[in-house]
Amino acid sequence: MRKKLFKLATLILVVVMLASVALPIASAGRWRELSRDNWYWEEAGNAWALGWRQIDGTWYFFHTTETMWLDFADQGLMARDQVVPIGNSTFMFSPTGAMVTGWVNMPARVVGRSFITPVVTGQFYWTDGIWTGGTRAPLVAGAWYYFNADGTMARNQWVQDGDNWHRLGNDGRMLTGWNTIWDGGANQQFYLGDNGVMRTGWQRLDNLWYFFRPNGHMARGWLEDGGVWYFLRTIDQASTTYPGGSMVAGPTNNFRIGDDLHAFASNGAWLGRVGPA
């Protein structure tokens with residue numbers, strides 16, 4: 001009987017010890033709701049948590065003197081349902097306060113609660129960790145944004161989503177349609193579609209054909225595809241009707257390239273040099 005009691009006591013002690021080890025450090029505090037939906041994290045000594053805290057595996061941010069002006073918050077108030085500049089980066093927090101990652105179709109309610117509102121209307125805005133004068137491109141309700149795995153808002157970067165590539169602009173919005181982007185040491189033309197997906201290969205746009213290389217760069221000049229030669233208008237051959245990059249299509253036997261005239265079929269296939277221009 002004594003052996004059974006001893007084993008039971010030992011088992012209970014081990015379980016208690018394991019439970020205490022498994023609990024995260026942040027669990028030493030407790031949540032406090034001082035008014036409706038205004039949450040704080042109270043730590044030892046009745047002190048409010050300030051800045052970043054990981055609680056039960058989730059990251060939260062509690063306003064500091066650097067950020068409290070954003071919604072006239074008190075120090076220690078949990079950021080929630082808003083986009084917040086912290087240091088040199090920008091983060092988003094869900095309605096529960098959890099740091100957001102991945103794609104976000106920006107809700108109008110978040111726009112209304114976020115950092116785009118200047119402290120003095122029309123004078124100063126908080127941008128990437130510094131005060132700047134003039135106007136700042138605001139968050140746009142219904143636009144797509146991407147937050148990296150570390151929570152930072154993606155800006156001026158490519159994001160791969162499965163087999164697709166997307167581009168985020170300087171203001172964080174996902175780009176769509178035609179865009180000129182510095183890539184590979186030069187400005188390149190990309191077409192990102194209505195859904196923001198970078199296009200490659202042949203694309204028919206406004207009744208004209210274009211070709212985009214595997215890296216998304218729009219092709220210009222001579223192009224061989226499947227053993228057939230095509231010609232895509234260069235910048236100096238562009239016009240309002242036929243922009244640069246658009247495929248030359250016939251039937252024509254008098255398209256000038258350099259000092260020569262060339263013939264092209266209706267499908268754009270090159271038929272050969274006709275003669276001097």
# chains A, B, ... in the order shown; residues from 1 in each chain; ligands from 1
>>> residues_around(residues="Trp52 of chain A", least_positions_apart="4", cutoff="12 Å", atoms="only C-alpha atoms", output="NGL selection string")
:A and (26 or 41 or 48 or 58-64 or 76-79 or 86-87 or 91 or 93 or 97-99 or 151)
>>> residues_around(residues="Val197 of chain A", least_positions_apart="5", cutoff="9 Å", atoms="only C-alpha atoms", output="PDB file with N, CA, C and O atoms, in the first residue's frame")
ATOM      1  N   ASN A 164       3.032  31.091 -58.273  1.00  0.00           N
ATOM      2  CA  ASN A 164       2.836  32.456 -58.767  1.00  0.00           C
ATOM      3  C   ASN A 164       3.716  33.458 -58.033  1.00  0.00           C
ATOM      4  O   ASN A 164       4.032  33.291 -56.854  1.00  0.00           O
ATOM      5  N   TRP A 165       4.074  34.521 -58.770  1.00  0.00           N
ATOM      6  CA  TRP A 165       4.838  35.614 -58.186  1.00  0.00           C
ATOM      7  C   TRP A 165       4.003  36.891 -58.193  1.00  0.00           C
ATOM      8  O   TRP A 165       3.295  37.178 -59.152  1.00  0.00           O
ATOM      9  N   HIS A 166       4.110  37.640 -57.092  1.00  0.00           N
ATOM     10  CA  HIS A 166       3.421  38.920 -56.953  1.00  0.00           C
ATOM     11  C   HIS A 166       4.443  39.981 -56.567  1.00  0.00           C
ATOM     12  O   HIS A 166       5.469  39.686 -55.956  1.00  0.00           O
ATOM     13  N   ARG A 167       4.112  41.222 -56.891  1.00  0.00           N
ATOM     14  CA  ARG A 167       4.986  42.330 -56.541  1.00  0.00           C
ATOM     15  C   ARG A 167       4.252  43.301 -55.637  1.00  0.00           C
ATOM     16  O   ARG A 167       3.121  43.707 -55.922  1.00  0.00           O
ATOM     17  N   LEU A 175       0.759  45.107 -56.668  1.00  0.00           N
ATOM     18  CA  LEU A 175       0.638  45.756 -57.967  1.00  0.00           C
ATOM     19  C   LEU A 175      -0.152  44.880 -58.932  1.00  0.00           C
ATOM     20  O   LEU A 175      -0.106  43.652 -58.852  1.00  0.00           O
ATOM     21  N   THR A 176      -0.854  45.507 -59.845  1.00  0.00           N
ATOM     22  CA  THR A 176      -1.597  44.795 -60.881  1.00  0.00           C
ATOM     23  C   THR A 176      -1.343  45.475 -62.218  1.00  0.00           C
ATOM     24  O   THR A 176      -0.885  46.621 -62.285  1.00  0.00           O
ATOM     25  N   GLY A 177      -1.641  44.762 -63.310  1.00  0.00           N
ATOM     26  CA  GLY A 177      -1.525  45.344 -64.639  1.00  0.00           C
ATOM     27  C   GLY A 177      -0.091  45.625 -65.038  1.00  0.00           C
ATOM     28  O   GLY A 177       0.855  44.982 -64.594  1.00  0.00           O
ATOM     29  N   TYR A 191       3.916  42.537 -66.734  1.00  0.00           N
ATOM     30  CA  TYR A 191       2.457  42.557 -66.704  1.00  0.00           C
ATOM     31  C   TYR A 191       2.015  41.607 -65.598  1.00  0.00           C
ATOM     32  O   TYR A 191       2.324  40.413 -65.622  1.00  0.00           O
ATOM     33  N   LEU A 192       1.287  42.165 -64.607  1.00  0.00           N
ATOM     34  CA  LEU A 192       0.934  41.410 -63.414  1.00  0.00           C
ATOM     35  C   LEU A 192      -0.531  41.005 -63.359  1.00  0.00           C
ATOM     36  O   LEU A 192      -0.975  40.431 -62.363  1.00  0.00           O
TER      37      LEU A 192
END
>>> residues_around(residues="Met247 of chain A", least_positions_apart="5", cutoff="8 Å", atoms="only C-alpha atoms", output="PyMOL selection string")
chain A and resi 208-210+230-233+268
>>> atom_distance(atom1="atom CA of Val159 of chain A", atom2="atom CA of Arg80 of chain A")
25.2 Å
>>> closest_residue(among="A:Gly102, A:Gln189, A:Leu50, A:Asn195", to="Asp150 of chain A", atoms="only C-alpha atoms")
A:Gly102
>>> closest_residue(among="A:Gly196, A:Gly185, A:Gly112, A:Gly258", to="Gly169 of chain A", atoms="only C-alpha atoms")
A:Gly196
>>> residues_around(residues="His262 of chain A", least_positions_apart="6", cutoff="12 Å", atoms="only C-alpha atoms", output="PDB file with N, CA and C atoms, in the first residue's frame")
ATOM      1  N   TRP A 229      10.665  32.700 -85.938  1.00  0.00           N
ATOM      2  CA  TRP A 229      11.131  34.023 -85.536  1.00  0.00           C
ATOM      3  C   TRP A 229       9.989  35.028 -85.550  1.00  0.00           C
ATOM      4  N   TYR A 230       9.997  35.872 -84.522  1.00  0.00           N
ATOM      5  CA  TYR A 230       9.015  36.946 -84.395  1.00  0.00           C
ATOM      6  C   TYR A 230       9.786  38.237 -84.110  1.00  0.00           C
ATOM      7  N   PHE A 231       9.087  39.347 -84.301  1.00  0.00           N
ATOM      8  CA  PHE A 231       9.710  40.623 -83.950  1.00  0.00           C
ATOM      9  C   PHE A 231       8.748  41.416 -83.070  1.00  0.00           C
ATOM     10  N   VAL A 248       4.877  42.319 -84.100  1.00  0.00           N
ATOM     11  CA  VAL A 248       4.554  42.736 -85.467  1.00  0.00           C
ATOM     12  C   VAL A 248       3.805  41.605 -86.160  1.00  0.00           C
ATOM     13  N   ALA A 249       2.657  41.905 -86.716  1.00  0.00           N
ATOM     14  CA  ALA A 249       1.850  40.891 -87.398  1.00  0.00           C
ATOM     15  C   ALA A 249       1.399  41.428 -88.750  1.00  0.00           C
ATOM     16  N   GLY A 250       1.327  40.528 -89.728  1.00  0.00           N
ATOM     17  CA  GLY A 250       0.949  40.905 -91.090  1.00  0.00           C
ATOM     18  C   GLY A 250      -0.522  40.629 -91.370  1.00  0.00           C
ATOM     19  N   PRO A 251      -0.836  40.390 -92.627  1.00  0.00           N
ATOM     20  CA  PRO A 251       0.197  40.270 -93.674  1.00  0.00           C
ATOM     21  C   PRO A 251       0.805  41.619 -94.042  1.00  0.00           C
ATOM     22  N   THR A 252       2.136  41.680 -94.001  1.00  0.00           N
ATOM     23  CA  THR A 252       2.864  42.880 -94.392  1.00  0.00           C
ATOM     24  C   THR A 252       4.223  42.482 -94.946  1.00  0.00           C
ATOM     25  N   ASN A 253       4.714  43.226 -95.894  1.00  0.00           N
ATOM     26  CA  ASN A 253       6.046  42.968 -96.434  1.00  0.00           C
ATOM     27  C   ASN A 253       6.875  44.240 -96.462  1.00  0.00           C
ATOM     28  N   ASN A 254       6.460  45.199 -95.608  1.00  0.00           N
ATOM     29  CA  ASN A 254       7.185  46.458 -95.621  1.00  0.00           C
ATOM     30  C   ASN A 254       7.448  47.001 -94.213  1.00  0.00           C
ATOM     31  N   PHE A 255       7.621  46.087 -93.256  1.00  0.00           N
ATOM     32  CA  PHE A 255       7.938  46.566 -91.901  1.00  0.00           C
ATOM     33  C   PHE A 255       9.438  46.801 -91.808  1.00  0.00           C
ATOM     34  N   ARG A 256       9.776  48.014 -91.417  1.00  0.00           N
ATOM     35  CA  ARG A 256      11.186  48.398 -91.410  1.00  0.00           C
ATOM     36  C   ARG A 256      11.862  48.036 -90.092  1.00  0.00           C
ATOM     37  N   GLY A 268       2.267  36.542 -86.980  1.00  0.00           N
ATOM     38  CA  GLY A 268       3.506  37.146 -86.504  1.00  0.00           C
ATOM     39  C   GLY A 268       4.765  36.467 -86.968  1.00  0.00           C
ATOM     40  N   ALA A 269       4.656  35.314 -87.622  1.00  0.00           N
ATOM     41  CA  ALA A 269       5.855  34.593 -88.061  1.00  0.00           C
ATOM     42  C   ALA A 269       6.609  35.404 -89.108  1.00  0.00           C
ATOM     43  N   TRP A 270       7.913  35.465 -88.948  1.00  0.00           N
ATOM     44  CA  TRP A 270       8.754  36.192 -89.895  1.00  0.00           C
ATOM     45  C   TRP A 270       8.861  35.394 -91.185  1.00  0.00           C
ATOM     46  N   LEU A 271       8.639  36.044 -92.319  1.00  0.00           N
ATOM     47  CA  LEU A 271       8.692  35.375 -93.611  1.00  0.00           C
ATOM     48  C   LEU A 271       9.973  35.651 -94.371  1.00  0.00           C
ATOM     49  N   GLY A 272      10.746  36.624 -93.895  1.00  0.00           N
ATOM     50  CA  GLY A 272      12.019  36.889 -94.543  1.00  0.00           C
ATOM     51  C   GLY A 272      12.214  38.362 -94.844  1.00  0.00           C
ATOM     52  N   ARG A 273      13.432  38.670 -95.248  1.00  0.00           N
ATOM     53  CA  ARG A 273      13.808  40.017 -95.641  1.00  0.00           C
ATOM     54  C   ARG A 273      13.318  40.270 -97.064  1.00  0.00           C
ATOM     55  N   VAL A 274      12.696  41.430 -97.248  1.00  0.00           N
ATOM     56  CA  VAL A 274      12.176  41.790 -98.553  1.00  0.00           C
ATOM     57  C   VAL A 274      13.232  42.540 -99.368  1.00  0.00           C
ATOM     58  N   GLY A 275      13.907  43.470 -98.715  1.00  0.00           N
ATOM     59  CA  GLY A 275      14.902  44.292 -99.417  1.00  0.00           C
ATOM     60  C   GLY A 275      15.252  45.504 -98.583  1.00  0.00           C
ATOM     61  N   PRO A 276      16.054  46.384 -99.146  1.00  0.00           N
ATOM     62  CA  PRO A 276      16.437  47.590 -98.416  1.00  0.00           C
ATOM     63  C   PRO A 276      15.243  48.516 -98.233  1.00  0.00           C
ATOM     64  N   ALA A 277      15.317  49.301 -97.175  1.00  0.00           N
ATOM     65  CA  ALA A 277      14.223  50.253 -96.870  1.00  0.00           C
ATOM     66  C   ALA A 277      14.246  51.423 -97.837  1.00  0.00           C
TER      67      ALA A 277
END
>>> select_by_dssp(residues="segment 91-242 of chain A", states="alpha helix (DSSP H)", output="list in words")
Ala108, Arg109, Val110, Val111, Gly112 and Arg113 of chain A
>>> closest_residue(among="A:Trp31, A:Met68, A:Arg199, A:Met174", to="Ile55 of chain A", atoms="only C-alpha atoms")
A:Trp31
>>> residues_around(residues="Val84 of chain A", least_positions_apart="5", cutoff="9 Å", atoms="only C-alpha atoms", output="PyMOL selection string")
chain A and resi 67+70+79+89-93+114-115
>>> write_last_selection(atoms="all heavy atoms", output="PDB file, in the first residue's frame")
ATOM      1  N   THR A  67       4.475  54.784 -29.966  1.00  0.00           N
ATOM      2  CA  THR A  67       3.310  54.461 -30.789  1.00  0.00           C
ATOM      3  C   THR A  67       1.982  54.880 -30.185  1.00  0.00           C
ATOM      4  O   THR A  67       0.959  54.802 -30.862  1.00  0.00           O
ATOM      5  CB  THR A  67       3.255  52.950 -31.049  1.00  0.00           C
ATOM      6  OG1 THR A  67       3.103  52.252 -29.800  1.00  0.00           O
ATOM      7  CG2 THR A  67       4.520  52.467 -31.752  1.00  0.00           C
ATOM      8  N   LEU A  70      -0.897  56.880 -31.921  1.00  0.00           N
ATOM      9  CA  LEU A  70      -1.582  56.379 -33.109  1.00  0.00           C
ATOM     10  C   LEU A  70      -3.096  56.360 -32.939  1.00  0.00           C
ATOM     11  O   LEU A  70      -3.837  56.667 -33.850  1.00  0.00           O
ATOM     12  CB  LEU A  70      -1.084  54.979 -33.455  1.00  0.00           C
ATOM     13  CG  LEU A  70       0.408  54.919 -33.820  1.00  0.00           C
ATOM     14  CD1 LEU A  70       0.857  53.483 -33.952  1.00  0.00           C
ATOM     15  CD2 LEU A  70       0.649  55.668 -35.110  1.00  0.00           C
ATOM     16  N   ALA A  79      -2.273  46.662 -29.104  1.00  0.00           N
ATOM     17  CA  ALA A  79      -2.626  47.060 -30.471  1.00  0.00           C
ATOM     18  C   ALA A  79      -3.526  45.990 -31.066  1.00  0.00           C
ATOM     19  O   ALA A  79      -3.219  44.799 -30.975  1.00  0.00           O
ATOM     20  CB  ALA A  79      -1.361  47.212 -31.308  1.00  0.00           C
ATOM     21  N   SER A  89       9.786  49.388 -39.417  1.00  0.00           N
ATOM     22  CA  SER A  89       8.909  48.459 -40.133  1.00  0.00           C
ATOM     23  C   SER A  89       7.452  48.744 -39.801  1.00  0.00           C
ATOM     24  O   SER A  89       7.140  49.531 -38.907  1.00  0.00           O
ATOM     25  CB  SER A  89       9.262  47.007 -39.787  1.00  0.00           C
ATOM     26  OG  SER A  89      10.600  46.710 -40.142  1.00  0.00           O
ATOM     27  N   THR A  90       6.574  48.089 -40.525  1.00  0.00           N
ATOM     28  CA  THR A  90       5.138  48.262 -40.332  1.00  0.00           C
ATOM     29  C   THR A  90       4.496  46.903 -40.097  1.00  0.00           C
ATOM     30  O   THR A  90       4.795  45.939 -40.812  1.00  0.00           O
ATOM     31  CB  THR A  90       4.503  48.929 -41.564  1.00  0.00           C
ATOM     32  OG1 THR A  90       5.170  50.169 -41.804  1.00  0.00           O
ATOM     33  CG2 THR A  90       3.030  49.209 -41.343  1.00  0.00           C
ATOM     34  N   PHE A  91       3.610  46.816 -39.129  1.00  0.00           N
ATOM     35  CA  PHE A  91       2.993  45.559 -38.743  1.00  0.00           C
ATOM     36  C   PHE A  91       1.470  45.727 -38.703  1.00  0.00           C
ATOM     37  O   PHE A  91       0.949  46.830 -38.590  1.00  0.00           O
ATOM     38  CB  PHE A  91       3.474  45.124 -37.350  1.00  0.00           C
ATOM     39  CG  PHE A  91       4.956  44.901 -37.259  1.00  0.00           C
ATOM     40  CD1 PHE A  91       5.824  45.968 -37.078  1.00  0.00           C
ATOM     41  CD2 PHE A  91       5.486  43.625 -37.371  1.00  0.00           C
ATOM     42  CE1 PHE A  91       7.199  45.773 -37.011  1.00  0.00           C
ATOM     43  CE2 PHE A  91       6.857  43.415 -37.301  1.00  0.00           C
ATOM     44  CZ  PHE A  91       7.714  44.489 -37.118  1.00  0.00           C
ATOM     45  N   MET A  92       0.772  44.595 -38.769  1.00  0.00           N
ATOM     46  CA  MET A  92      -0.684  44.602 -38.657  1.00  0.00           C
ATOM     47  C   MET A  92      -1.097  43.638 -37.547  1.00  0.00           C
ATOM     48  O   MET A  92      -0.464  42.595 -37.346  1.00  0.00           O
ATOM     49  CB  MET A  92      -1.334  44.173 -39.971  1.00  0.00           C
ATOM     50  CG  MET A  92      -2.857  44.178 -39.926  1.00  0.00           C
ATOM     51  SD  MET A  92      -3.586  43.827 -41.560  1.00  0.00           S
ATOM     52  CE  MET A  92      -5.332  43.765 -41.113  1.00  0.00           C
ATOM     53  N   PHE A  93      -2.157  44.022 -36.839  1.00  0.00           N
ATOM     54  CA  PHE A  93      -2.648  43.210 -35.739  1.00  0.00           C
ATOM     55  C   PHE A  93      -4.132  42.920 -35.932  1.00  0.00           C
ATOM     56  O   PHE A  93      -4.890  43.796 -36.337  1.00  0.00           O
ATOM     57  CB  PHE A  93      -2.389  43.917 -34.406  1.00  0.00           C
ATOM     58  CG  PHE A  93      -0.926  44.170 -34.165  1.00  0.00           C
ATOM     59  CD1 PHE A  93      -0.346  45.362 -34.578  1.00  0.00           C
ATOM     60  CD2 PHE A  93      -0.132  43.197 -33.586  1.00  0.00           C
ATOM     61  CE1 PHE A  93       1.009  45.591 -34.404  1.00  0.00           C
ATOM     62  CE2 PHE A  93       1.229  43.416 -33.397  1.00  0.00           C
ATOM     63  CZ  PHE A  93       1.799  44.603 -33.812  1.00  0.00           C
ATOM     64  N   SER A 114      -5.807  53.083 -38.325  1.00  0.00           N
ATOM     65  CA  SER A 114      -4.381  52.873 -38.498  1.00  0.00           C
ATOM     66  C   SER A 114      -3.551  54.140 -38.573  1.00  0.00           C
ATOM     67  O   SER A 114      -4.070  55.251 -38.504  1.00  0.00           O
ATOM     68  CB  SER A 114      -4.145  51.997 -39.730  1.00  0.00           C
ATOM     69  OG  SER A 114      -4.710  50.722 -39.519  1.00  0.00           O
ATOM     70  N   PHE A 115      -2.243  53.930 -38.759  1.00  0.00           N
ATOM     71  CA  PHE A 115      -1.248  54.978 -38.593  1.00  0.00           C
ATOM     72  C   PHE A 115      -1.251  56.044 -39.667  1.00  0.00           C
ATOM     73  O   PHE A 115      -0.484  56.991 -39.578  1.00  0.00           O
ATOM     74  CB  PHE A 115       0.143  54.369 -38.532  1.00  0.00           C
ATOM     75  CG  PHE A 115       0.603  53.796 -39.849  1.00  0.00           C
ATOM     76  CD1 PHE A 115       1.341  54.564 -40.725  1.00  0.00           C
ATOM     77  CD2 PHE A 115       0.312  52.491 -40.203  1.00  0.00           C
ATOM     78  CE1 PHE A 115       1.778  54.047 -41.929  1.00  0.00           C
ATOM     79  CE2 PHE A 115       0.740  51.963 -41.406  1.00  0.00           C
ATOM     80  CZ  PHE A 115       1.481  52.746 -42.269  1.00  0.00           C
TER      81      PHE A 115
END
>>> closest_residue(among="A:Arg53, A:Arg113, A:Arg220, A:Arg36", to="Thr234 of chain A", atoms="only C-alpha atoms")
A:Arg220
